[in-house]
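K.L.:
Coordinates in entry.cif, mmCIF, C-alpha atoms, are listed below.
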data_structure
loop_
_atom_site.label_atom_id
_atom_site.label_comp_id
_atom_site.auth_asym_id
_atom_site.auth_seq_id
_atom_site.Cartn_x
_atom_site.Cartn_y
_atom_site.Cartn_z
CA PHE A 2 -0.86 4.27 -7.69
CA PRO A 3 -3.24 6.28 -5.45
CA ARG A 4 -4.72 4.11 -2.70
CA ARG A 5 -8.28 4.94 -3.75
CA TYR A 6 -10.55 2.53 -5.57
CA HIS A 7 -12.27 3.45 -8.82
CA GLN A 8 -13.68 1.28 -11.57
CA GLN A 9 -10.82 2.02 -13.97
CA LEU A 10 -8.02 1.33 -11.47
CA ALA A 11 -7.43 -2.32 -12.39
CA ALA A 12 -7.41 -1.50 -16.10
CA ASP A 13 -4.94 1.33 -15.50
CA ILE A 14 -2.59 -1.04 -13.64
CA VAL A 15 -2.83 -3.75 -16.29
CA LYS A 16 -2.11 -1.21 -19.01
CA ALA A 17 0.83 0.34 -17.15
CA LEU A 18 2.41 -3.06 -16.43
CA HIS A 19 1.65 -4.54 -19.88
CA VAL A 20 0.31 -7.77 -18.41
CA GLY A 21 -2.12 -10.21 -19.95
CA ASP A 22 -5.26 -11.61 -18.34
CA LYS A 23 -3.51 -14.76 -17.12
CA GLU A 24 -0.39 -13.04 -15.80
CA LEU A 25 0.12 -12.15 -12.16
CA VAL A 26 0.23 -8.74 -10.49
CA ILE A 27 1.88 -8.12 -7.11
CA LEU A 28 0.29 -5.48 -4.86
CA LYS A 29 2.40 -3.99 -2.05
CA LEU A 30 2.03 -1.36 0.64
CA CYS A 31 4.81 1.22 0.78
CA ASN A 32 5.41 1.20 4.54
CA ARG A 33 5.05 -2.45 5.54
CA SER A 34 7.72 -5.13 5.91
CA ARG A 35 7.98 -8.93 6.20
CA ALA A 36 5.48 -9.35 3.34
CA ALA A 37 2.63 -7.78 5.34
CA GLY A 38 -0.08 -6.74 2.91
CA VAL A 39 1.58 -8.32 -0.12
CA ILE A 40 -1.11 -9.70 -2.44
CA VAL A 41 -0.65 -11.86 -5.54
CA SER A 42 -3.52 -11.44 -8.01
CA PRO A 43 -4.20 -12.80 -11.48
CA ALA A 44 -4.77 -9.81 -13.76
CA ASN A 45 -8.32 -10.95 -14.59
CA GLU A 46 -9.23 -10.90 -10.87
CA LEU A 47 -7.49 -7.64 -10.05
CA ASP A 48 -10.59 -5.44 -9.96
CA ASP A 49 -12.31 -7.62 -7.33
CA ILE A 50 -9.14 -7.77 -5.23
CA LEU A 51 -8.62 -4.00 -5.35
CA HIS A 52 -12.25 -3.39 -4.41
CA ASP A 53 -11.90 -5.62 -1.34
CA LEU A 54 -8.60 -3.99 -0.30
CA LEU A 55 -9.51 -0.36 -0.91
CA THR A 56 -13.14 -0.15 0.22
CA PRO A 57 -13.26 -0.80 3.97
CA PRO A 58 -16.62 -0.74 5.78
CA LEU A 59 -18.10 2.76 5.89
CA ASP A 60 -18.30 2.61 9.68
CA LEU A 61 -15.02 0.87 10.39
CA GLU A 62 -15.24 1.41 14.15
CA ALA A 63 -18.62 -0.29 14.29
CA TRP A 64 -17.32 -3.13 12.12
CA PHE A 65 -14.36 -3.72 14.46
CA GLN A 66 -16.64 -3.53 17.50
CA ASP A 67 -18.94 -6.18 16.05
CA HIS A 68 -15.94 -8.32 15.12
CA ALA A 69 -14.48 -7.97 18.63
CA GLU A 70 -17.79 -9.02 20.20
CA ARG A 71 -17.94 -12.12 17.99
CA MET A 72 -14.34 -12.94 18.95
CA ASP A 73 -15.23 -12.69 22.65
CA ARG A 74 -18.24 -14.91 22.11
CA ASP A 75 -16.80 -17.56 19.78
CA SER A 76 -13.06 -17.67 20.43
CA ASP A 77 -11.32 -19.82 23.02
CA SER A 78 -8.00 -17.97 22.79
CA ALA A 79 -6.93 -14.36 23.11
CA ALA A 80 -4.57 -14.97 20.17
CA ASP A 81 -7.46 -15.95 17.87
CA PHE A 82 -8.36 -12.90 15.78
CA GLY A 83 -10.94 -14.67 13.67
CA PHE A 84 -8.73 -15.36 10.65
CA ALA A 85 -5.80 -17.58 9.81
CA PRO A 86 -2.27 -16.10 9.85
CA GLY A 87 -1.22 -15.17 6.32
CA SER A 88 -4.79 -15.24 5.02
CA PHE A 89 -6.30 -12.63 2.73
CA ALA A 90 -8.34 -11.32 5.65
CA GLU A 91 -5.16 -10.61 7.61
CA HIS A 92 -3.53 -8.71 4.73
CA GLN A 93 -6.78 -6.89 4.02
CA ARG A 94 -6.57 -5.34 7.47
CA HIS A 95 -3.08 -4.04 6.68
CA TRP A 96 -4.58 -2.25 3.69
CA TRP A 97 -7.53 -0.89 5.63
CA GLY A 98 -5.27 0.52 8.35
CA ASN A 99 -2.48 1.80 6.13
CA GLU A 100 -1.43 5.44 6.32
CA SER A 101 0.27 5.82 2.93
CA PRO A 102 -1.74 7.53 0.17
CA VAL A 103 -0.20 5.28 -2.50
CA PHE A 104 0.58 1.61 -3.12
CA VAL A 105 2.87 -0.32 -5.46
CA ALA A 106 1.75 -2.62 -8.26
CA GLU A 107 4.35 -4.80 -10.01
CA ARG A 108 4.38 -7.44 -12.70
CA CYS A 109 5.17 -10.82 -11.11
CA CYS A 110 8.60 -11.81 -12.42
CA HIS A 111 9.68 -15.39 -11.79
CA SER A 112 13.21 -16.11 -10.67
CA HIS A 113 15.71 -18.71 -11.83
CA PRO A 114 14.53 -21.94 -10.11
CA THR A 115 16.37 -22.63 -6.87
CA VAL A 116 16.60 -26.31 -5.95
CA VAL A 117 16.78 -27.16 -2.26
CA ASN A 118 16.53 -30.80 -1.10
CA GLY A 119 15.17 -31.77 -4.49
CA ARG A 120 12.39 -29.13 -4.44
CA GLN A 121 12.22 -26.17 -6.82
CA PHE A 122 11.53 -22.74 -5.35
CA ASP A 123 10.74 -19.40 -6.99
CA GLY A 124 12.91 -17.34 -4.65
CA THR A 125 13.58 -13.66 -4.18
CA MET A 126 17.21 -12.55 -4.36
CA ARG A 127 18.56 -10.24 -1.68
CA VAL A 128 21.83 -8.38 -2.36
CA GLY A 129 23.82 -6.54 0.29
CA PHE A 130 26.01 -3.50 -0.32
CA ALA A 131 27.80 -0.67 1.45
CA VAL A 132 27.93 2.89 0.13
CA ARG A 133 31.06 4.91 0.89
CA ARG A 134 32.85 8.01 -0.30
CA GLN A 135 35.75 7.41 -2.66
CA GLN A 136 39.13 7.68 -1.03
CA GLY A 137 41.02 10.88 -1.75
CA MET A 138 37.89 12.91 -2.51
CA GLN A 139 38.12 16.39 -0.98
CA LYS A 140 34.92 18.25 -0.16
CA LYS A 141 34.46 21.97 0.23
CA PRO A 142 33.56 23.15 3.78
CA TRP A 143 29.93 23.93 2.94
CA GLU A 144 29.53 20.52 1.28
CA GLN A 145 30.90 18.78 4.38
CA GLN A 146 28.43 20.65 6.57
CA ALA A 147 25.50 19.74 4.35
CA GLY A 148 26.60 16.11 4.23
CA ALA A 149 25.91 15.98 0.50
CA PHE A 150 27.78 13.72 -1.91
CA SER A 151 27.53 13.66 -5.67
CA PRO A 152 27.15 10.28 -7.41
CA ASP A 153 30.71 10.59 -8.75
CA GLU A 154 32.05 10.70 -5.18
CA LEU A 155 30.44 7.43 -4.10
CA GLU A 156 31.61 3.85 -4.38
CA ILE A 157 29.69 0.65 -3.80
CA ASP A 158 31.15 -2.34 -1.98
CA TRP A 159 29.13 -5.46 -2.81
CA LEU A 160 28.68 -7.71 0.22
CA GLY A 161 27.10 -10.73 -1.45
CA GLY A 162 23.58 -12.09 -1.76
CA TYR A 163 21.24 -15.00 -1.09
CA TRP A 164 17.95 -16.46 -2.21
CA LYS A 165 15.06 -15.85 0.19
CA LEU A 166 12.67 -18.76 -0.33
CA PRO A 167 8.85 -18.76 -0.27
CA LYS A 168 6.91 -21.02 2.05
CA CYS A 169 6.07 -23.60 -0.63
CA ASP A 170 7.83 -24.92 -3.71
CA THR A 171 6.57 -24.59 -7.28
CA GLY A 172 5.10 -28.08 -7.29
CA GLY A 173 1.61 -26.93 -6.33
CA SER A 174 1.81 -27.92 -2.66
CA GLY A 175 0.53 -24.54 -1.43
CA THR A 176 -1.47 -21.50 -2.43
CA LEU A 177 -0.37 -19.12 -5.16
CA ARG A 178 0.88 -16.61 -2.58
CA GLU A 179 2.75 -19.26 -0.62
CA SER A 180 4.73 -20.24 -3.73
CA VAL A 181 5.57 -16.66 -4.79
CA VAL A 182 6.04 -14.45 -1.71
CA SER A 183 9.30 -15.12 0.14
CA ALA A 184 9.13 -16.32 3.75
CA ALA A 185 12.64 -17.06 4.98
CA ARG A 186 11.51 -17.96 8.50
CA THR A 187 9.56 -20.89 7.02
CA SER A 188 11.75 -22.27 4.22
CA GLY A 189 15.01 -20.47 4.90
CA THR A 190 17.52 -19.22 2.37
CA ALA A 191 19.82 -20.59 -0.30
CA PRO A 192 23.16 -19.46 -1.74
CA VAL A 193 23.38 -17.60 -5.05
CA PRO A 194 26.01 -18.75 -7.57
CA LEU A 195 28.78 -16.20 -7.96
CA ALA A 196 28.13 -15.88 -11.70
CA HIS A 197 24.52 -14.84 -11.01
CA LEU A 198 25.65 -12.29 -8.43
CA MET A 199 28.06 -10.78 -10.93
CA GLU A 200 25.23 -10.44 -13.44
CA VAL A 201 23.15 -8.58 -10.84
CA TYR A 202 26.02 -6.27 -9.88
CA ALA A 203 26.59 -5.44 -13.55
CA ALA A 204 22.87 -4.86 -14.18
CA LEU A 205 22.63 -2.43 -11.26
CA GLY A 206 25.56 -0.43 -12.67
CA ASP A 207 25.77 3.01 -11.10
CA SER A 208 22.11 3.15 -10.13
CA LEU A 209 22.92 3.03 -6.41
CA GLN A 210 25.31 5.97 -6.70
CA GLN A 211 22.58 7.89 -8.50
CA LEU A 212 20.09 6.95 -5.78
CA PHE A 213 22.24 7.92 -2.79
CA GLY A 214 24.20 10.78 -4.37
#
Go ahead and express the file in the form of C-alpha cells.
P.N.:
Amino acid sequence: FPRRYHQQLAADIVKALHVGDKELVILKLCNRSRAAGVIVSPANELDDILHDLLTPPLDLEAWFQDHAERMDRDSDSAADFGFAPGSFAEHQRHWWGNESPVFVAERCCHSHPTVVNGRQFDGTMRVGFAVRRQQGMQKKPWEQQAGAFSPDELEIDWLGGYWKLPKCDTGGSGTLRESVVSAARTSGTAPVPLAHLMEVYAALGDSLQQLFG
C-alpha cells in the first residue's frame, strides 16, 4: 500500500485482507529488519494507528530539535532517547524516517502452538534453502553471460527450519505485540517437527524456482 495516509486507507486494507473488526492486522516496512517498525493493530483501531504512523509533524526538524533539547534537560543518560525500547514511539520513528514509498499490511495468522518449558508460544517459522542449477543443464553462451536461469533449470535444496519465538507466551504475560512478533534474542528458538517441515516444503512447491528463475 502507498505510504501516504488518507481517510479511506484503513478501510481499503481491511477490505483487501478480508478481516473483521476484532481480527489483527500486521503493518511492516519494506526495508527494515529485526522487527523494526512492525506494528500489530486490531482492525477497529487501524485508522488511528495509520494516522500516527503516516502523519509526522509538519516541521519534523523543529520537532526533533525540541525533543533533543528536552532529552538534554531531563535525561541522565546519553542512551536515553525519551522512549522505551520496543515501544510504539520507537517504531513510529522508523515509519517517519523510512525511505520506501510503500508498506506491507498482512492478516495476522497464528501458528501451531509451540510449547517450550511448559509455555505456549505463537512462533514464526523460518525455513532455509539453497537454490542451484540442475546438474547436466547446458546453457547457451549468451545465457551464461547474462547469468539468467529459467525456473525449469533450478533446483531447491531444503536446509531445515526452526521456530523463532516472540518475547512473551500466549498466556497474557506481555503486550499484544510481545506475544505475536518474534524476538529470538529474547526467547530463543525451537525445533520444528519433520512432518510440519515436509508440509511447508510441499506447500511452497515450485514457487521459489518461479521467484528466482
K.L.:
I'd like the neighbourhood of stretch 41-52 of chain A as a VMD selection string, where a residue qualifies if any of its atoms comes within 7 Å (using all atoms listed in the file), though same-chain residues fewer than 4 positions away should be ignored.
P.N.:
chain A and resid 6 11 15 21 to 28 56 178
K.L.:
Write out as a VMD selection string each polymer residue whose atoms come within 8 Å of A:Pro192, counting all atoms listed in the file; drop sequence neighbours fewer than 6 positions from it.
P.N.:
chain A and resid 162 to 164
K.L.:
As an exercise, work out the distance from atom CA of A:Val201 to atom CA of A:Val117 in Å and give it to one decimal place.
P.N.:
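Straight-line distance from atom CA of A:Val201 to atom CA of A:Val117 works out to 21.4 Å.
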K.L.:
Have a look at atom CA of A:Thr125 and atom CA of A:Pro167 and let me know their distance in Å, one decimal.
P.N.:
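Separating atom CA of A:Thr125 from atom CA of A:Pro167 is a distance of 8.0 Å.
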K.L.:
Using only C-alpha atoms, which of the listed residues (A:Ala85, A:Ala131, A:Met72, A:Val182) sits closest to A:Gly38?
P.N.:
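With only C-alpha atoms as the atom set, the closest residue is A:Val182.
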K.L.:
Residues within 12 Å of A:Met126, please, as an MDAnalysis selection string. Count only C-alpha atoms; anything in the same chain fewer than 2 positions from it doesn't count.
P.N.:
chainID A and resid 110:115 122:124 128:129 161:167 182:183 185 190:194 197:198 201
K.L.:
Tell me which residues the PyMOL selection byres ((chain A and resi 87-96) around 10) grabs here, as a ChimeraX atom specification.
P.N.:
/A:4,29-30,33,36-40,50-51,53-57,82-86,97-101,104,178-179
K.L.:
Between atom CA of A:Trp159 and atom CA of A:Thr187, what is the spacing in Å?
P.N.:
26.8 Å
K.L.:
Counting only C-alpha atoms, figure out which residue out of A:Gln136, A:Gln66, A:Ser174, A:Ser188 gets nearest to A:Asn118.
P.N.:
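Closest residue, counting only C-alpha atoms: A:Ser188.
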K.L.:
Nearest to A:Phe150: which of A:Ser180, A:Gln211, A:Gln8, A:Gln121 is it, counting all atoms listed in the file?
P.N.:
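Ranking A:Ser180, A:Gln211, A:Gln8, A:Gln121 by distance to A:Phe150, first place goes to A:Gln211.
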